[in-house]
file start.txt (compact mmCIF, C-alpha atoms)
# COMPACT_ATOMS: atom_id res chain seq x y z
CA MET A 1 -13.06 -20.13 15.63
CA THR A 2 -14.44 -22.05 12.62
CA ARG A 3 -14.69 -18.84 10.62
CA ARG A 4 -11.12 -17.93 11.51
CA LEU A 5 -9.84 -21.34 10.40
CA ALA A 6 -11.71 -21.05 7.09
CA GLU A 7 -10.45 -17.54 6.33
CA VAL A 8 -6.83 -18.34 7.14
CA ALA A 9 -6.98 -21.61 5.19
CA LYS A 10 -8.38 -19.81 2.15
CA LYS A 11 -5.75 -17.07 2.39
CA VAL A 12 -2.86 -19.56 2.49
CA GLY A 13 -4.36 -22.22 0.22
CA VAL A 14 -4.21 -25.07 2.72
CA SER A 15 -6.78 -27.14 4.60
CA GLU A 16 -8.44 -26.02 7.81
CA ALA A 17 -6.86 -29.04 9.48
CA THR A 18 -3.40 -27.71 8.60
CA VAL A 19 -4.26 -24.31 10.04
CA SER A 20 -5.52 -26.01 13.19
CA ARG A 21 -2.27 -27.95 13.58
CA VAL A 22 -0.25 -24.73 13.34
CA LEU A 23 -2.42 -22.88 15.85
CA ASN A 24 -2.23 -25.75 18.31
CA GLY A 25 1.51 -26.31 17.89
CA LYS A 26 1.09 -29.81 16.45
CA PRO A 27 3.80 -31.46 14.31
CA GLY A 28 3.42 -32.48 10.67
CA VAL A 29 3.52 -29.00 9.08
CA SER A 30 6.48 -27.68 7.10
CA GLU A 31 8.15 -24.50 8.32
CA PRO A 32 7.23 -22.43 5.19
CA THR A 33 3.57 -23.45 5.57
CA ARG A 34 3.67 -22.67 9.28
CA GLN A 35 5.08 -19.21 8.63
CA ALA A 36 2.52 -18.60 5.88
CA VAL A 37 -0.33 -19.46 8.27
CA LEU A 38 1.05 -17.15 10.96
CA SER A 39 1.48 -14.32 8.42
CA ALA A 40 -2.10 -14.81 7.21
CA LEU A 41 -3.30 -14.67 10.81
CA ASP A 42 -1.53 -11.32 11.24
CA VAL A 43 -2.72 -9.89 7.94
CA LEU A 44 -6.35 -10.82 8.65
CA GLY A 45 -6.16 -9.17 12.05
CA TYR A 46 -6.58 -12.25 14.24
CA GLU A 47 -4.70 -12.60 17.52
CA ARG A 48 -2.11 -15.35 17.65
CA PRO A 49 -2.63 -18.11 20.20
CA THR A 50 -0.89 -17.33 23.49
CA GLN A 51 1.93 -19.82 22.91
CA LEU A 52 2.80 -18.17 19.58
CA ARG A 53 2.71 -14.52 20.61
CA GLY A 54 6.37 -14.38 21.53
CA GLU A 55 7.35 -14.81 17.88
CA ARG A 56 7.57 -11.89 15.55
CA ALA A 57 5.17 -11.93 12.64
CA ARG A 58 6.51 -12.43 9.13
CA LEU A 59 5.28 -8.94 8.40
CA VAL A 60 7.41 -5.99 7.30
CA GLY A 61 6.14 -2.44 7.54
CA LEU A 62 6.74 -0.35 4.41
CA VAL A 63 6.19 3.26 5.44
CA LEU A 64 5.80 5.84 2.64
CA PRO A 65 4.99 9.56 2.83
CA GLU A 66 2.59 9.49 -0.15
CA LEU A 67 1.66 7.68 -3.34
CA GLN A 68 1.08 10.69 -5.63
CA ASN A 69 4.78 10.92 -6.48
CA PRO A 70 5.32 7.86 -8.73
CA ILE A 71 8.76 7.17 -7.22
CA PHE A 72 7.22 5.81 -4.02
CA PRO A 73 4.92 3.22 -5.63
CA ALA A 74 7.93 2.20 -7.73
CA PHE A 75 10.02 1.59 -4.61
CA ALA A 76 7.08 -0.23 -2.99
CA GLU A 77 6.76 -2.56 -5.97
CA VAL A 78 10.44 -3.54 -5.97
CA ILE A 79 10.75 -3.88 -2.19
CA GLY A 80 7.42 -5.67 -1.82
CA GLY A 81 8.32 -8.19 -4.52
CA ALA A 82 11.72 -8.92 -2.97
CA LEU A 83 10.15 -9.36 0.48
CA ALA A 84 7.55 -11.79 -0.88
CA GLN A 85 10.31 -13.95 -2.36
CA LEU A 86 11.68 -14.35 1.17
CA GLY A 87 8.31 -15.30 2.61
CA LEU A 88 7.85 -11.88 4.21
CA THR A 89 4.58 -9.97 3.82
CA PRO A 90 4.82 -6.19 3.23
CA VAL A 91 2.33 -4.00 5.08
CA LEU A 92 1.94 -0.70 3.21
CA CYS A 93 1.63 2.32 5.50
CA THR A 94 0.94 5.52 3.56
CA GLN A 95 0.61 8.84 5.29
CA THR A 96 -2.16 11.25 4.35
CA ARG A 97 -2.72 14.84 5.37
CA GLY A 98 -4.71 14.88 8.56
CA GLY A 99 -4.58 11.07 8.70
CA VAL A 100 -2.40 8.51 10.42
CA SER A 101 1.07 9.85 11.23
CA GLU A 102 4.37 8.02 10.84
CA ALA A 103 4.59 7.63 14.63
CA ASP A 104 1.05 6.19 14.72
CA TYR A 105 2.01 3.64 12.07
CA VAL A 106 5.04 2.60 14.10
CA THR A 107 2.79 1.99 17.12
CA LEU A 108 0.46 -0.15 15.01
CA LEU A 109 3.35 -2.11 13.51
CA LEU A 110 4.81 -2.80 16.94
CA GLN A 111 1.42 -4.11 18.07
CA GLN A 112 1.53 -6.51 15.12
CA GLN A 113 5.00 -7.69 16.20
CA VAL A 114 6.48 -7.02 12.78
CA SER A 115 9.80 -8.53 11.77
CA GLY A 116 11.12 -5.21 10.48
CA VAL A 117 10.31 -1.81 8.99
CA VAL A 118 11.45 -0.03 5.82
CA PHE A 119 11.05 3.74 5.64
CA ALA A 120 11.18 5.61 2.32
CA GLY A 121 10.95 9.40 2.29
CA GLY A 122 10.09 9.70 5.97
CA LEU A 123 10.68 12.15 8.81
CA TYR A 124 14.17 10.66 9.30
CA ALA A 125 15.28 12.91 6.42
CA GLN A 126 14.15 16.11 8.18
CA ALA A 127 16.35 17.42 10.98
CA ASP A 128 13.58 19.43 12.69
CA ALA A 129 10.95 16.67 12.63
CA PRO A 130 10.10 14.42 15.61
CA HIS A 131 12.19 11.23 15.75
CA ASP A 132 11.13 9.51 18.98
CA HIS A 133 9.35 6.70 17.12
CA TYR A 134 12.63 5.70 15.45
CA ARG A 135 14.32 5.47 18.82
CA GLN A 136 11.41 3.32 20.01
CA LEU A 137 12.15 0.86 17.21
CA ALA A 138 15.86 0.87 18.08
CA GLU A 139 15.15 0.22 21.76
CA ARG A 140 13.09 -2.84 20.81
CA ASN A 141 15.78 -4.08 18.40
CA ILE A 142 13.39 -4.04 15.44
CA PRO A 143 15.31 -4.34 12.14
CA VAL A 144 15.02 -1.07 10.18
CA VAL A 145 16.37 0.19 6.85
CA LEU A 146 16.08 3.79 5.62
CA VAL A 147 15.84 4.75 1.94
CA ASN A 148 17.77 7.92 0.98
CA ALA A 149 19.67 10.26 3.25
CA ALA A 150 18.80 10.46 6.93
CA ILE A 151 19.82 12.70 9.80
CA GLU A 152 22.81 11.53 11.81
CA ASP A 153 22.78 9.37 14.94
CA LEU A 154 19.64 7.30 14.28
CA GLY A 155 21.81 4.19 14.11
CA PHE A 156 20.06 2.43 11.21
CA PRO A 157 21.56 1.20 7.92
CA GLY A 158 20.48 3.11 4.83
CA VAL A 159 20.38 2.81 1.07
CA SER A 160 20.70 6.07 -0.86
CA CYS A 161 21.11 7.49 -4.31
CA ASP A 162 24.24 9.67 -4.38
CA ASP A 163 22.90 13.25 -4.25
CA ALA A 164 26.27 14.79 -4.95
CA VAL A 165 26.78 12.79 -8.16
CA ALA A 166 23.21 13.57 -9.24
CA VAL A 167 23.75 17.31 -8.96
CA GLU A 168 27.19 17.18 -10.58
CA GLN A 169 25.70 15.39 -13.58
CA SER A 170 22.84 17.88 -13.84
CA TRP A 171 25.07 20.93 -13.40
CA ARG A 172 27.66 19.85 -15.95
CA HIS A 173 24.88 19.07 -18.44
CA LEU A 174 23.34 22.53 -18.11
CA ALA A 175 26.76 24.22 -18.15
CA SER A 176 27.70 22.35 -21.33
CA LEU A 177 24.59 23.86 -22.93
CA GLY A 178 25.81 27.35 -22.07
CA HIS A 179 23.67 28.03 -19.00
CA GLU A 180 25.43 30.38 -16.57
CA ARG A 181 22.48 31.30 -14.34
CA ILE A 182 21.58 27.93 -12.83
CA GLY A 183 19.09 27.73 -10.00
CA LEU A 184 18.00 24.99 -7.59
CA VAL A 185 14.48 24.05 -6.51
CA LEU A 186 14.85 21.99 -3.34
CA GLY A 187 12.84 20.61 -0.45
CA PRO A 188 12.53 22.23 3.01
CA GLY A 189 15.59 23.71 4.71
CA ASP A 190 15.96 20.81 7.16
CA HIS A 191 15.70 18.16 4.42
CA VAL A 192 18.98 16.20 4.38
CA PRO A 193 19.00 15.10 0.68
CA SER A 194 18.26 18.70 -0.38
CA ALA A 195 21.10 19.98 1.82
CA ARG A 196 23.44 17.48 0.14
CA LYS A 197 22.30 18.64 -3.28
CA LEU A 198 22.91 22.28 -2.41
CA ALA A 199 26.39 21.52 -1.04
CA ALA A 200 27.24 19.58 -4.21
CA ALA A 201 26.04 22.43 -6.44
CA ARG A 202 28.16 24.94 -4.56
CA ALA A 203 31.16 22.65 -4.87
CA VAL A 204 30.85 22.52 -8.65
CA GLY A 205 29.63 26.02 -9.50
CA HIS A 206 28.47 29.45 -8.31
CA VAL A 207 25.05 29.35 -6.61
CA PRO A 208 24.00 32.65 -5.01
CA ASP A 209 21.30 32.45 -2.34
CA GLU A 210 18.79 34.20 -4.61
CA PHE A 211 19.07 31.28 -7.06
CA VAL A 212 17.97 28.72 -4.43
CA ALA A 213 14.29 28.12 -3.69
CA ARG A 214 12.64 25.82 -1.14
CA ALA A 215 9.29 24.17 -1.77
CA MET A 216 7.02 21.33 -0.79
CA PHE A 217 7.56 18.26 -2.98
CA SER A 218 4.72 18.79 -5.46
CA ILE A 219 3.96 20.33 -8.86
CA GLU A 220 2.26 23.22 -7.08
CA GLY A 221 5.32 23.75 -4.87
CA GLY A 222 7.64 23.89 -7.87
CA HIS A 223 5.35 26.26 -9.72
CA ALA A 224 5.09 28.64 -6.76
CA VAL A 225 8.84 29.16 -6.31
CA ALA A 226 10.01 28.88 -9.93
CA ALA A 227 8.30 32.09 -10.98
CA ARG A 228 10.54 34.07 -8.60
CA LEU A 229 13.72 32.42 -9.88
CA ILE A 230 12.72 33.07 -13.49
CA ASP A 231 12.23 36.75 -12.63
CA ARG A 232 15.77 36.75 -11.20
CA GLY A 233 17.17 35.57 -14.52
CA VAL A 234 17.63 31.83 -13.95
CA THR A 235 17.61 29.92 -17.25
CA GLY A 236 18.60 26.44 -16.05
CA PHE A 237 16.83 24.62 -13.21
CA ILE A 238 18.03 21.65 -11.15
CA CYS A 239 15.11 20.19 -9.17
CA ALA A 240 15.01 17.80 -6.20
CA SER A 241 12.13 15.74 -7.65
CA ASP A 242 10.25 15.21 -10.90
CA PRO A 243 7.01 16.82 -9.61
CA LEU A 244 9.00 19.94 -8.67
CA ALA A 245 10.49 19.98 -12.18
CA LEU A 246 7.04 19.71 -13.77
CA GLY A 247 6.01 22.66 -11.61
CA VAL A 248 8.90 24.68 -13.03
CA VAL A 249 7.81 23.80 -16.58
CA ARG A 250 4.29 25.00 -15.78
CA ALA A 251 5.57 28.24 -14.23
CA ALA A 252 7.67 28.97 -17.33
CA ARG A 253 4.70 28.42 -19.62
CA ARG A 254 2.47 30.65 -17.51
CA LYS A 255 5.04 33.39 -18.13
CA GLY A 256 4.96 32.70 -21.86
CA LEU A 257 8.44 31.17 -21.90
CA ASP A 258 9.11 28.04 -23.94
CA VAL A 259 10.75 24.96 -22.43
CA PRO A 260 13.50 24.26 -23.49
CA SER A 261 14.31 27.16 -25.84
CA ARG A 262 14.07 29.75 -23.03
CA ILE A 263 14.11 27.69 -19.83
CA SER A 264 15.84 24.32 -19.29
CA VAL A 265 14.70 21.98 -16.53
CA VAL A 266 16.30 18.89 -14.97
CA GLY A 267 14.27 16.68 -12.61
CA TYR A 268 15.24 13.96 -10.18
CA ASP A 269 14.00 10.32 -9.89
CA ASP A 270 13.00 9.47 -13.49
CA SER A 271 9.66 8.33 -12.14
CA ALA A 272 6.96 6.78 -14.32
CA LEU A 273 5.75 8.68 -17.40
CA MET A 274 8.49 11.35 -17.37
CA ASN A 275 9.25 10.34 -20.96
CA CYS A 276 5.61 11.09 -21.83
CA THR A 277 5.44 14.68 -20.58
CA GLU A 278 5.56 17.65 -22.94
CA PRO A 279 8.43 18.12 -23.37
CA PRO A 280 9.80 14.76 -22.14
CA LEU A 281 11.67 15.53 -18.92
CA THR A 282 15.45 15.43 -18.63
CA THR A 283 16.00 13.92 -15.22
CA VAL A 284 18.36 11.95 -12.98
CA ARG A 285 17.37 8.30 -12.68
CA GLN A 286 17.55 6.57 -9.32
CA PRO A 287 18.52 2.89 -9.69
CA ILE A 288 15.32 1.74 -7.97
CA GLU A 289 15.72 -1.97 -8.75
CA ALA A 290 19.22 -2.23 -7.30
CA MET A 291 18.42 0.00 -4.33
CA GLY A 292 15.23 -1.91 -3.48
CA LYS A 293 16.99 -5.26 -3.52
CA ALA A 294 19.77 -3.90 -1.31
CA VAL A 295 17.17 -2.64 1.16
CA VAL A 296 15.63 -6.09 1.46
CA GLU A 297 19.03 -7.79 1.77
CA LEU A 298 19.99 -5.49 4.64
CA LEU A 299 16.65 -6.00 6.35
CA ASN A 300 16.68 -9.78 5.95
CA ALA A 301 20.21 -9.98 7.31
CA GLN A 302 19.05 -8.22 10.47
CA ILE A 303 15.94 -10.41 10.75
CA SER A 304 18.19 -13.48 10.46
CA GLY A 305 20.28 -12.25 13.37
CA SER A 306 23.32 -11.00 11.47
CA ALA A 307 25.05 -7.79 12.55
CA VAL A 308 24.59 -4.99 10.03
CA ALA A 309 26.63 -1.79 10.30
CA ALA A 310 24.70 1.46 10.60
CA GLU A 311 26.19 2.71 7.36
CA GLU A 312 24.81 4.23 4.19
CA LEU A 313 25.16 2.41 0.87
CA LEU A 314 25.43 4.95 -1.96
CA PHE A 315 24.17 4.06 -5.43
CA GLU A 316 25.21 5.83 -8.62
CA PRO A 317 22.45 7.76 -10.46
CA GLU A 318 22.20 8.22 -14.22
CA LEU A 319 21.35 11.42 -16.09
CA VAL A 320 18.66 10.76 -18.70
CA VAL A 321 18.67 13.54 -21.30
CA ARG A 322 15.34 14.24 -22.98
CA GLY A 323 13.56 17.29 -24.35
CA SER A 324 13.36 19.70 -21.40
CA THR A 325 16.96 20.95 -21.76
CA ALA A 326 18.58 22.83 -24.65
CA GLN A 327 21.15 25.49 -25.45
CA ALA A 328 20.91 28.54 -23.22
CA PRO A 329 19.07 31.48 -24.83
CA ARG A 330 21.19 34.26 -26.23
CA SER A 331 20.83 37.42 -24.20
call {"tool": "encode", "arguments": {"input": "start.txt", "output": "structure tokens"}}
result
Amino acid sequence: MTRRLAEVAKKVGVSEATVSRVLNGKPGVSEPTRQAVLSALDVLGYERPTQLRGERARLVGLVLPELQNPIFPAFAEVIGGALAQLGLTPVLCTQTRGGVSEADYVTLLLQQQVSGVVFAGGLYAQADAPHDHYRQLAERNIPVVLVNAAIEDLGFPGVSCDDAVAVEQSWRHLASLGHERIGLVLGPGDHVPSARKLAAARAVGHVPDEFVARAMFSIEGGHAVAARLIDRGVTGFICASDPLALGVVRAARRKGLDVPSRISVVGYDDSALMNCTEPPLTTVRQPIEAMGKAVVELLNAQISGSAVAAEELLFEPELVVRGSTAQAPRS
């Protein structure tokens, strides 16, 4: 018990006597300090006293599919900072191959009596993936916000970058440069944001099936499928992520084709260091700062007991033109 008091006191920056008063339900402690002590107790893995277990912790689960794609740490930084300003403590849950699954993380978060959960890039965006853990959260009335397009009928509010606008900007840019054979490198077939991107491309231009490739979201995935599209005559690429776009650049170079004089490539996200690649990547920028703050506002409203509609807020992307796109090659 003495060790627990000391660790919690050190974590919060208060005296052990203050921690003791909180744990024993004694008066004389401000509400912010009380909440900070309870959050520290949760973070350090100590059980709350019986009389305090009915309260939800001031913890918020932040569930990400990976950290290799720089867009996810960027979202985590913005969302985590905004949560901290509200006195909420983010708990980062990152999936790894062969490691803890998204459903396992939800079970752990429920055991910690979290105040809410934010999902970014999760299974909610894949129609064929398991979704029972989301329904478990809904049944327990846990506040949840989803980042970027989800399947229908989950019943959670979401914050998304407008996929249709992103593709329209990319397509019109490549078309203005004279590209007529424009291909798409997208995520899996059941991936909702990729489906939206494909629908938007077909609304604005001609996209035959042989100009559409599906890949895992990685440089290797982009490289693997881009070679086939290049062989089919594609000169302009619209990609569903920056790593996929970098894979296309690598595939072109392996074939001895220069980017951008022979092959033009547009990414998606404008994640960290895309202006430092060779060539610097033309890409669509997600407004991460604005989206992250909106996520936290929606989550905090639910935590505070306000009704939040299960709607999707769409944010406008911005095409950032750099050195990976140029005039289409003359045939």
call {"tool": "closest_residue", "arguments": {"input": "start.txt", "among": "A:Asp258, A:Leu109, A:Val266, A:Ala36", "to": "Arg172 (chain A)", "atoms": "all atoms listed in the file"}}
result
A:Val266
call {"tool": "residues_near_point", "arguments": {"input": "start.txt", "point": "(27.5, 26.0, -11.9)", "cutoff": "7 Å", "atoms": "all atoms listed in the file", "output": "JSON, numbers by chain"}}
result
{"A": [171, 175, 180, 182, 201, 204, 205, 206, 207]}
call {"tool": "atom_distance", "arguments": {"input": "start.txt", "atom1": "CA of Asn24 (chain A)", "atom2": "CA of Val91 (chain A)"}}
result
25.9 Å
call {"tool": "closest_residue", "arguments": {"input": "start.txt", "among": "A:Val8, A:Leu110, A:Ala76, A:Ile71", "to": "Gln286 (chain A)", "atoms": "all atoms listed in the file"}}
result
A:Ile71
call {"tool": "residues_around", "arguments": {"input": "start.txt", "residues": "Thr325 (chain A)", "least_positions_apart": "3", "cutoff": "8 Å", "atoms": "only C-alpha atoms", "output": "VMD selection string"}}
result
chain A and resid 174 259 to 261 263 to 266 282 321 to 322
call {"tool": "write_last_selection", "arguments": {"input": "start.txt", "atoms": "C-alpha atoms", "output": "CSV table (one decimal), keeping the file's coordinate frame"}}
result
chain,number,residue,atom,x,y,z
A,174,LEU,CA,23.3,22.5,-18.1
A,259,VAL,CA,10.8,25.0,-22.4
A,260,PRO,CA,13.5,24.3,-23.5
A,261,SER,CA,14.3,27.2,-25.8
A,263,ILE,CA,14.1,27.7,-19.8
A,264,SER,CA,15.8,24.3,-19.3
A,265,VAL,CA,14.7,22.0,-16.5
A,266,VAL,CA,16.3,18.9,-15.0
A,282,THR,CA,15.4,15.4,-18.6
A,321,VAL,CA,18.7,13.5,-21.3
A,322,ARG,CA,15.3,14.2,-23.0
call {"tool": "closest_residue", "arguments": {"input": "start.txt", "among": "A:His223, A:His179, A:Lys293, A:Arg196", "to": "Ala150 (chain A)", "atoms": "only C-alpha atoms"}}
result
A:Arg196
